[in-house]
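S.K.: What follows is model-v5.txt; its format and atoms are compact mmCIF, C-alpha atoms.
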# COMPACT_ATOMS: atom_id res chain seq x y z
CA MET N 1 0.00 0.00 0.00
CA LYS N 2 0.87 3.65 -0.21
CA VAL N 3 0.37 4.96 3.31
CA LEU N 4 0.49 8.44 4.81
CA VAL N 5 1.73 8.32 8.40
CA THR N 6 1.28 11.63 10.20
CA GLY N 7 3.45 12.32 13.24
CA THR N 8 6.45 10.38 11.92
CA ALA N 9 8.88 12.48 13.95
CA GLY N 10 6.88 11.36 16.97
CA PHE N 11 7.28 8.28 19.12
CA ILE N 12 4.57 5.94 17.80
CA GLY N 13 4.66 7.39 14.29
CA SER N 14 8.38 6.80 13.80
CA HIS N 15 8.10 3.16 14.85
CA THR N 16 4.98 2.63 12.72
CA ALA N 17 6.65 4.01 9.60
CA LEU N 18 9.62 1.66 10.04
CA ARG N 19 7.34 -1.38 10.47
CA LEU N 20 5.43 -0.53 7.29
CA LEU N 21 8.65 0.00 5.36
CA ASP N 22 10.06 -3.30 6.60
CA ARG N 23 7.11 -5.15 5.09
CA GLY N 24 7.37 -3.31 1.76
CA ASP N 25 4.78 -0.53 1.92
CA GLU N 26 5.46 2.89 0.44
CA VAL N 27 5.32 5.51 3.18
CA VAL N 28 5.03 9.26 3.15
CA GLY N 29 5.82 10.66 6.60
CA LEU N 30 4.45 13.99 7.77
CA ASP N 31 5.19 16.05 10.87
CA SER N 32 5.24 19.69 11.94
CA ILE N 33 8.15 19.06 14.34
CA ASN N 34 6.78 21.45 16.95
CA ASP N 35 8.76 22.31 20.08
CA TYR N 36 6.43 20.78 22.70
CA TYR N 37 9.52 18.78 23.72
CA ASP N 38 13.16 18.60 22.57
CA ILE N 39 13.13 18.68 18.77
CA ASN N 40 16.51 16.93 18.68
CA ILE N 41 14.73 13.72 19.71
CA LYS N 42 12.30 14.22 16.83
CA TYR N 43 15.06 14.77 14.30
CA GLY N 44 16.91 11.80 15.80
CA ARG N 45 13.92 9.55 15.07
CA LEU N 46 13.85 10.78 11.48
CA GLU N 47 17.60 10.27 11.08
CA ASN N 48 17.14 6.74 12.43
CA ALA N 49 14.93 6.16 9.36
CA GLY N 50 17.49 7.71 7.02
CA VAL N 51 15.95 11.19 6.73
CA ASP N 52 18.59 13.92 6.71
CA ARG N 53 17.97 16.64 9.30
CA LYS N 54 18.62 19.50 6.91
CA GLY N 55 16.16 18.03 4.44
CA ALA N 56 13.59 17.41 7.17
CA GLU N 57 13.77 21.05 8.26
CA SER N 58 12.51 22.18 4.86
CA CYS N 59 8.88 22.05 3.72
CA THR N 60 9.71 19.95 0.65
CA PHE N 61 10.01 16.18 0.37
CA SER N 62 13.13 14.60 1.87
CA GLN N 63 14.05 11.13 0.63
CA SER N 64 15.30 8.52 3.10
CA SER N 65 18.80 7.17 2.46
CA LYS N 66 17.87 3.83 4.06
CA PHE N 67 14.45 3.16 2.55
CA PRO N 68 13.68 3.88 -1.13
CA GLY N 69 9.98 3.79 -0.28
CA TYR N 70 10.12 6.49 2.40
CA ARG N 71 9.78 10.25 1.92
CA PHE N 72 9.24 12.86 4.64
CA ILE N 73 7.58 16.27 4.43
CA LYS N 74 7.19 18.97 7.07
CA ILE N 75 3.61 20.28 7.15
CA TYR N 76 1.30 21.74 9.78
CA LEU N 77 -2.02 19.91 9.59
CA GLU N 78 -3.81 23.20 10.30
CA ASN N 79 -2.56 24.34 6.86
CA LYS N 80 -5.59 23.22 4.84
CA PRO N 81 -4.24 24.07 1.34
CA ALA N 82 -0.99 22.19 2.01
CA VAL N 83 -2.88 19.11 3.24
CA GLU N 84 -5.27 19.22 0.27
CA ASP N 85 -2.37 19.51 -2.17
CA LEU N 86 -0.51 16.59 -0.56
CA PHE N 87 -3.51 14.25 -0.76
CA ALA N 88 -4.43 15.25 -4.30
CA ARG N 89 -0.87 14.70 -5.48
CA GLU N 90 -0.05 11.46 -3.67
CA LYS N 91 -3.35 9.47 -3.80
CA PHE N 92 -2.88 7.46 -0.60
CA ASP N 93 -4.46 4.04 -0.14
CA ALA N 94 -4.55 4.44 3.65
CA VAL N 95 -3.83 7.08 6.27
CA ILE N 96 -2.48 6.40 9.77
CA HIS N 97 -3.05 9.66 11.61
CA LEU N 98 -0.86 9.80 14.72
CA ALA N 99 0.03 13.50 14.74
CA ALA N 100 -1.47 15.49 17.60
CA GLN N 101 -0.67 17.92 20.34
CA ALA N 102 0.08 15.46 23.11
CA GLY N 103 0.04 15.76 26.89
CA VAL N 104 -2.76 15.82 29.45
CA ARG N 105 -1.12 18.32 31.81
CA TYR N 106 0.03 20.69 29.06
CA SER N 107 -3.56 20.97 27.80
CA ILE N 108 -4.61 22.63 31.05
CA THR N 109 -2.33 25.63 30.45
CA ASN N 110 -2.19 25.69 26.62
CA PRO N 111 -5.71 24.86 25.42
CA TYR N 112 -5.56 26.51 22.00
CA ALA N 113 -2.68 24.30 20.87
CA TYR N 114 -5.07 21.34 21.20
CA ILE N 115 -7.94 22.97 19.37
CA GLU N 116 -5.70 23.86 16.42
CA ALA N 117 -3.78 20.59 16.07
CA ASN N 118 -6.23 17.99 17.36
CA ILE N 119 -9.54 19.35 16.10
CA LEU N 120 -8.79 21.62 13.15
CA GLY N 121 -5.91 19.41 11.98
CA PHE N 122 -8.06 16.27 12.22
CA GLN N 123 -10.88 17.98 10.30
CA ASN N 124 -8.46 18.72 7.46
CA ILE N 125 -7.39 15.07 7.40
CA LEU N 126 -11.03 13.89 7.25
CA GLU N 127 -11.86 16.26 4.41
CA ALA N 128 -8.77 15.18 2.46
CA CYS N 129 -9.70 11.51 2.93
CA ARG N 130 -13.24 12.27 1.77
CA HIS N 131 -12.20 13.99 -1.44
CA ASN N 132 -9.42 11.56 -2.39
CA LYS N 133 -11.10 8.18 -1.88
CA VAL N 134 -8.80 6.98 0.92
CA GLN N 135 -9.67 3.34 1.64
CA HIS N 136 -9.04 3.43 5.40
CA LEU N 137 -8.31 6.13 7.98
CA VAL N 138 -6.75 4.84 11.20
CA TYR N 139 -6.34 7.54 13.85
CA ALA N 140 -4.95 7.84 17.36
CA SER N 141 -7.38 8.30 20.19
CA SER N 142 -6.34 7.83 23.82
CA SER N 143 -7.12 6.00 27.04
CA SER N 144 -7.63 9.47 28.54
CA VAL N 145 -11.12 9.59 26.97
CA TYR N 146 -12.31 7.28 29.79
CA GLY N 147 -12.04 10.23 32.20
CA LEU N 148 -14.17 9.64 35.28
CA ASN N 149 -15.13 6.11 34.20
CA GLU N 150 -14.44 3.68 37.08
CA ASN N 151 -15.49 0.44 35.36
CA TYR N 152 -12.33 -1.65 35.08
CA PRO N 153 -10.99 -2.79 32.72
CA PHE N 154 -11.88 0.11 30.43
CA SER N 155 -14.01 -1.09 27.53
CA THR N 156 -14.83 0.57 24.22
CA HIS N 157 -18.40 -0.58 24.83
CA ASP N 158 -18.65 1.82 27.81
CA ASN N 159 -19.84 5.41 27.71
CA VAL N 160 -17.03 8.01 27.76
CA ASP N 161 -18.89 11.29 28.16
CA HIS N 162 -16.94 12.62 31.16
CA PRO N 163 -13.38 13.57 30.10
CA ILE N 164 -11.31 15.49 32.65
CA SER N 165 -8.74 17.18 30.41
CA LEU N 166 -8.98 19.18 27.20
CA TYR N 167 -6.62 16.67 25.57
CA ALA N 168 -9.13 13.90 26.31
CA ALA N 169 -12.01 16.05 25.07
CA THR N 170 -10.28 16.64 21.73
CA LYS N 171 -9.70 12.91 21.32
CA LYS N 172 -13.36 12.16 22.05
CA SER N 173 -14.24 14.86 19.52
CA ASN N 174 -12.11 13.06 16.92
CA GLU N 175 -14.04 9.83 17.50
CA LEU N 176 -17.39 11.61 17.08
CA THR N 177 -16.33 13.46 13.94
CA ALA N 178 -14.87 10.29 12.42
CA HIS N 179 -18.20 8.52 12.92
CA THR N 180 -20.02 11.35 11.19
CA TYR N 181 -17.74 11.04 8.15
CA SER N 182 -18.06 7.25 8.14
CA HIS N 183 -21.86 7.62 8.22
CA LEU N 184 -22.22 10.42 5.67
CA TYR N 185 -19.45 9.55 3.21
CA ARG N 186 -18.83 5.84 3.90
CA ILE N 187 -15.18 6.45 4.77
CA PRO N 188 -13.86 3.46 6.76
CA THR N 189 -12.40 4.86 9.99
CA THR N 190 -10.84 3.11 12.98
CA GLY N 191 -9.93 4.89 16.22
CA LEU N 192 -7.25 3.42 18.48
CA ARG N 193 -7.24 4.24 22.18
CA PHE N 194 -3.59 3.91 23.19
CA PHE N 195 -2.65 3.02 26.77
CA THR N 196 0.61 4.51 28.20
CA VAL N 197 3.04 3.60 25.43
CA TYR N 198 6.73 3.27 26.33
CA GLY N 199 9.99 2.04 24.82
CA PRO N 200 13.07 3.22 22.87
CA TRP N 201 12.74 6.69 21.32
CA GLY N 202 9.95 7.44 23.84
CA ARG N 203 8.71 10.91 24.66
CA PRO N 204 10.83 13.00 27.06
CA ASP N 205 7.69 14.19 28.90
CA MET N 206 6.64 10.64 29.85
CA ALA N 207 7.38 8.98 33.20
CA LEU N 208 9.94 6.42 32.00
CA PHE N 209 12.08 9.04 30.28
CA LEU N 210 11.77 11.56 33.13
CA PHE N 211 12.53 8.97 35.82
CA THR N 212 15.52 7.50 33.98
CA LYS N 213 17.05 10.92 33.32
CA ALA N 214 16.57 12.11 36.91
CA MET N 215 17.95 8.92 38.45
CA LEU N 216 21.08 9.02 36.27
CA GLU N 217 21.60 12.64 37.36
CA ASP N 218 21.02 11.72 41.04
CA LYS N 219 17.95 13.96 41.17
CA PRO N 220 14.64 13.10 42.87
CA ILE N 221 11.69 11.85 40.83
CA ASP N 222 8.15 13.23 41.26
CA VAL N 223 5.77 10.44 42.26
CA PHE N 224 2.16 11.61 42.02
CA ASN N 225 -0.76 10.47 44.17
CA ASN N 226 1.91 9.30 46.63
CA GLY N 227 2.65 6.38 44.31
CA ASP N 228 -0.86 4.94 44.52
CA MET N 229 -1.38 4.71 40.76
CA LYS N 230 -1.64 2.00 38.14
CA ARG N 231 -1.00 2.23 34.42
CA ASP N 232 -1.54 -0.25 31.61
CA PHE N 233 2.02 0.26 30.30
CA THR N 234 2.23 -1.02 26.71
CA TYR N 235 5.52 -1.61 24.90
CA ILE N 236 5.94 0.18 21.58
CA ASP N 237 6.41 -2.99 19.50
CA ASP N 238 3.10 -4.37 20.74
CA ILE N 239 1.40 -1.07 19.91
CA VAL N 240 2.79 -0.99 16.37
CA THR N 241 1.81 -4.61 15.76
CA GLY N 242 -1.76 -3.64 16.65
CA VAL N 243 -1.71 -0.55 14.42
CA VAL N 244 -0.50 -2.51 11.39
CA LYS N 245 -3.06 -5.28 11.95
CA VAL N 246 -5.80 -2.66 12.07
CA VAL N 247 -4.78 -0.75 8.92
CA ASP N 248 -5.03 -3.99 6.91
CA HIS N 249 -8.66 -4.52 7.99
CA PRO N 250 -10.96 -1.58 7.20
CA PRO N 251 -14.31 -1.81 9.03
CA GLU N 252 -17.34 -2.61 6.90
CA GLY N 253 -20.10 -1.69 9.33
CA ASP N 254 -22.19 -3.90 11.58
CA PRO N 255 -25.66 -4.60 10.14
CA THR N 256 -26.86 -5.84 13.55
CA TRP N 257 -26.02 -2.56 15.29
CA SER N 258 -29.06 -1.03 16.99
CA GLY N 259 -29.76 2.59 17.80
CA GLN N 260 -32.04 1.42 20.61
CA GLN N 261 -29.06 -0.12 22.43
CA PRO N 262 -26.16 1.67 20.78
CA ASP N 263 -22.68 0.18 21.16
CA PRO N 264 -20.19 3.11 21.12
CA SER N 265 -17.42 0.93 19.64
CA ARG N 266 -19.10 0.22 16.30
CA SER N 267 -21.89 1.30 13.97
CA ARG N 268 -23.85 0.39 10.88
CA ALA N 269 -21.39 2.78 9.22
CA PRO N 270 -17.82 1.55 8.47
CA TYR N 271 -16.58 2.74 11.87
CA ARG N 272 -14.70 1.00 14.68
CA LEU N 273 -13.00 1.77 17.99
CA TYR N 274 -10.37 -0.42 19.67
CA ASN N 275 -8.31 -0.26 22.84
CA ILE N 276 -4.61 -1.03 22.35
CA GLY N 277 -3.03 -1.86 25.67
CA ASN N 278 -1.26 -4.61 27.54
CA ASN N 279 -4.37 -5.67 29.52
CA SER N 280 -2.13 -5.87 32.59
CA PRO N 281 -1.94 -2.74 34.76
CA VAL N 282 1.28 -2.19 36.72
CA ASN N 283 1.62 -0.37 40.05
CA LEU N 284 3.64 2.81 39.68
CA MET N 285 5.98 1.73 42.47
CA ASP N 286 6.64 -1.58 40.67
CA PHE N 287 7.35 0.37 37.49
CA ILE N 288 9.91 2.49 39.36
CA GLU N 289 11.42 -0.67 40.81
CA ALA N 290 11.91 -2.05 37.28
CA ILE N 291 13.82 1.11 36.32
CA GLU N 292 15.93 0.87 39.47
CA LYS N 293 16.77 -2.74 38.65
CA SER N 294 17.75 -1.92 35.09
CA LEU N 295 19.87 1.10 36.09
CA GLY N 296 21.35 -0.57 39.15
CA LYS N 297 20.55 2.37 41.42
CA LYS N 298 17.78 3.52 43.73
CA ALA N 299 15.49 6.45 43.03
CA VAL N 300 15.06 9.36 45.42
CA LYS N 301 11.29 9.80 45.50
CA ASN N 302 9.43 13.08 45.91
CA PHE N 303 5.85 12.05 46.79
CA LEU N 304 3.17 14.47 45.61
CA PRO N 305 -0.66 14.60 45.44
CA MET N 306 -2.63 13.77 42.29
CA GLN N 307 -2.38 16.33 39.50
CA ASP N 308 -5.37 17.94 37.80
CA GLY N 309 -6.53 15.98 34.78
CA ASP N 310 -4.91 12.75 35.96
CA VAL N 311 -6.61 9.47 36.89
CA PRO N 312 -5.53 6.88 39.49
CA ALA N 313 -5.62 3.88 37.17
CA THR N 314 -5.91 2.72 33.56
CA TRP N 315 -6.59 -0.81 32.38
CA ALA N 316 -7.40 -1.80 28.81
CA ASN N 317 -9.95 -4.40 27.82
CA VAL N 318 -8.49 -5.58 24.49
CA ASP N 319 -10.85 -8.51 23.89
CA ASP N 320 -12.26 -7.07 20.65
CA LEU N 321 -8.81 -6.57 19.14
CA VAL N 322 -7.80 -10.07 20.21
CA ASP N 323 -10.99 -11.64 18.81
CA ASP N 324 -11.11 -9.65 15.57
CA LEU N 325 -7.44 -9.45 14.62
CA GLY N 326 -5.49 -11.84 16.85
CA TYR N 327 -3.74 -9.08 18.81
CA ALA N 328 -1.42 -10.52 21.48
CA PRO N 329 0.85 -8.16 23.47
CA SER N 330 3.98 -10.03 24.50
CA VAL N 331 6.54 -7.69 26.11
CA GLY N 332 6.48 -7.56 29.92
CA ILE N 333 7.37 -4.51 31.96
CA GLU N 334 10.86 -5.58 33.07
CA GLU N 335 11.92 -6.52 29.54
CA GLY N 336 10.41 -3.37 28.06
CA VAL N 337 11.97 -1.04 30.63
CA ASP N 338 15.35 -2.72 30.18
CA ARG N 339 15.19 -2.20 26.40
CA PHE N 340 14.41 1.47 26.93
CA VAL N 341 17.25 1.96 29.42
CA LYS N 342 19.76 0.33 27.05
CA TRP N 343 18.58 2.61 24.26
CA TYR N 344 18.77 5.68 26.52
CA LEU N 345 22.30 4.92 27.69
CA ASP N 346 23.45 4.32 24.12
CA TYR N 347 21.70 7.37 22.63
CA PHE N 348 22.83 9.85 25.27
CA LYS N 349 26.21 8.17 25.75
Give the structure from this file in structure tokens form.
M.R.:
Amino acid sequence: MKVLVTGTAGFIGSHTALRLLDRGDEVVGLDSINDYYDINIKYGRLENAGVDRKGAESCTFSQSSKFPGYRFIKIYLENKPAVEDLFAREKFDAVIHLAAQAGVRYSITNPYAYIEANILGFQNILEACRHNKVQHLVYASSSSVYGLNENYPFSTHDNVDHPISLYAATKKSNELTAHTYSHLYRIPTTGLRFFTVYGPWGRPDMALFLFTKAMLEDKPIDVFNNGDMKRDFTYIDDIVTGVVKVVDHPPEGDPTWSGQQPDPSRSRAPYRLYNIGNNSPVNLMDFIEAIEKSLGKKAVKNFLPMQDGDVPATWANVDDLVDDLGYAPSVGIEEGVDRFVKWYLDYFK
């Protein structure tokens, strides 16, 4: 296939592009390379895929030196004419939309960044898919949409009408808008609710990166809710395996779906929602212990109360993805953390 992957300077996007290239797909990567976190990490991910930094900094196509089937272009998704021109010129078979303004806590102080990137940018992607006969749009949602939901494990069959951060609200908005386009224009769309993704090339604003950096510098780590938290940590390779399985299977619509007892995860339209997680929540203190074991040193812990917009626990019900597509996460927390630490030590010398 010819696939557009947005957010390819990002964590999940960079890994997804490489997986598609390894199996022989043609990939166009897109990213705005904003400065939400250290852009050197973003350029490092692109260079890992053979994209020259100087070329990536321009707004023209940059050809990978490692993969003949990979080209990168720097575009802001809010730039509607640029997005329209890209789609009209390239004629993508599928789109994997992973670009977004990330971060729950950042959304509390910088709301407009989320409206522009996550809502306006997503609208431009939907319109481009509509007018260019894209066969399948797969897009990133988030476990944060579950908000105040306390039914564990979190299920896509549950109602998610009570988000507690603007980031979560924009992701829920994406799901609603995608369904509208699937219903009106018969565009197959699949939303993926990711659960705490970690691994090599991970985001510097995430716990694993922050904790590892602080511990190596003999600085204390901030442990929120006094450590009484659980997360369904999911290793990047397991995430990407799920993404690739999904893109190969566009939804066709469920003729048995009923508006009298509506299931939020599906529709008569070609629309689907899946959780992608490890289905095995880990205590935050056990997660820290895994980092300590891998680094061979103890963390100095600064215990703090819960932050606004945060939740005490996440836990993914992935039964639908297992039943429909044979999804089977396989990397445990100790192995995954150890792989990240080895990458971190090598990358930062």
S.K.: Residues around (-3.1, -9.3, 11.1), cut-off 8 Å, counting only C-alpha atoms - what are they as a PyMOL selection string?
M.R.: chain N and resi 244-246+248-249+325-327
S.K.: Using only C-alpha atoms, which residues sit within 7 Å of Gly253 (chain N) once same-chain residues fewer than 3 positions away are excluded, as a list in words?
M.R.: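 Within the cut-off, the hits are Ser267, Arg268, Ala269, Pro270 and Tyr271 of chain N.
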S.K.: Show me, as a VMD selection string, the residues that have an atom within 10 Å of Asp286 (chain N) when counting all atoms listed in the file, minus same-chain residues fewer than 5 positions from it.
M.R.: chain N and resid 227 230 291 to 292 333 to 334
S.K.: Taking all atoms listed in the file into account, name the residue in N:Ala99, N:Ala113, N:Ile12, N:Val27 that is nearest to Ile239 (chain N).
M.R.: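 Closest candidate: N:Ile12.
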S.K.: Select, from N:Tyr146, N:Tyr235, N:Phe194, N:Tyr274, the residue with the minimum atom-to-atom distance to Pro251 (chain N), counting all atoms listed in the file.
M.R.: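 With all atoms listed in the file as the atom set, the closest residue is N:Tyr274.
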S.K.: Within 10 Å of (8.1, 12.0, 23.0) (coordinates as in the file), grab all the protein and nucleic acid residues, counting only C-alpha atoms, and write them out as a short mmCIF file (atom, residue, chain, number, x, y, z; two decimals) with C-alpha atoms, in the frame of the given file.
M.R.:
data_model
loop_
_atom_site.label_atom_id
_atom_site.label_comp_id
_atom_site.auth_asym_id
_atom_site.auth_seq_id
_atom_site.Cartn_x
_atom_site.Cartn_y
_atom_site.Cartn_z
CA ALA N 9 8.88 12.48 13.95
CA GLY N 10 6.88 11.36 16.97
CA PHE N 11 7.28 8.28 19.12
CA ILE N 12 4.57 5.94 17.80
CA TYR N 36 6.43 20.78 22.70
CA TYR N 37 9.52 18.78 23.72
CA ASP N 38 13.16 18.60 22.57
CA ILE N 39 13.13 18.68 18.77
CA ILE N 41 14.73 13.72 19.71
CA LYS N 42 12.30 14.22 16.83
CA ALA N 102 0.08 15.46 23.11
CA GLY N 103 0.04 15.76 26.89
CA TYR N 198 6.73 3.27 26.33
CA TRP N 201 12.74 6.69 21.32
CA GLY N 202 9.95 7.44 23.84
CA ARG N 203 8.71 10.91 24.66
CA PRO N 204 10.83 13.00 27.06
CA ASP N 205 7.69 14.19 28.90
CA MET N 206 6.64 10.64 29.85
CA PHE N 209 12.08 9.04 30.28
#
S.K.: Could you name the residues that touch Phe303 (chain N) at 9 Å or less, counting all atoms listed in the file, but leaving out those on the same chain fewer than 4 positions away, as a PyMOL selection string?
M.R.: chain N and resi 221-227
S.K.: Write out as a ChimeraX atom specification the residues lying within 8 Å of region 116-126 of chain N, counting all atoms listed in the file and excluding same-chain residues fewer than 2 positions away.
M.R.: /N:76-80,83-84,100-101,112-114,128-130,170-171,173-174,177-178,181
S.K.: Output as CSV one row per residue of region 151-241 of chain N within 7 Å of region 137-140 of chain N: the closest atom pair and its distance in Å to one decimal place, counting all atoms listed in the file, sorted by chain and residue number ascending.
M.R.:
residue,atom,partner,partner_atom,distance
N:Pro188,CA,N:Leu137,CA,6.3
N:Thr189,CA,N:Leu137,CA,4.7
N:Thr190,CA,N:Val138,CA,4.8
N:Gly191,CA,N:Tyr139,CA,5.1
N:Leu192,CA,N:Ala140,CA,5.1
N:Arg193,CA,N:Ala140,CA,6.4
S.K.: Next, the residues of the selection above should be written as a PDB file, in the coordinates of the input with C-alpha atoms.
M.R.:
ATOM      1  CA  PRO N 188     -13.860   3.460   6.760  1.00  0.00           C
ATOM      2  CA  THR N 189     -12.400   4.860   9.990  1.00  0.00           C
ATOM      3  CA  THR N 190     -10.840   3.110  12.980  1.00  0.00           C
ATOM      4  CA  GLY N 191      -9.930   4.890  16.220  1.00  0.00           C
ATOM      5  CA  LEU N 192      -7.250   3.420  18.480  1.00  0.00           C
ATOM      6  CA  ARG N 193      -7.240   4.240  22.180  1.00  0.00           C
TER       7      ARG N 193
END
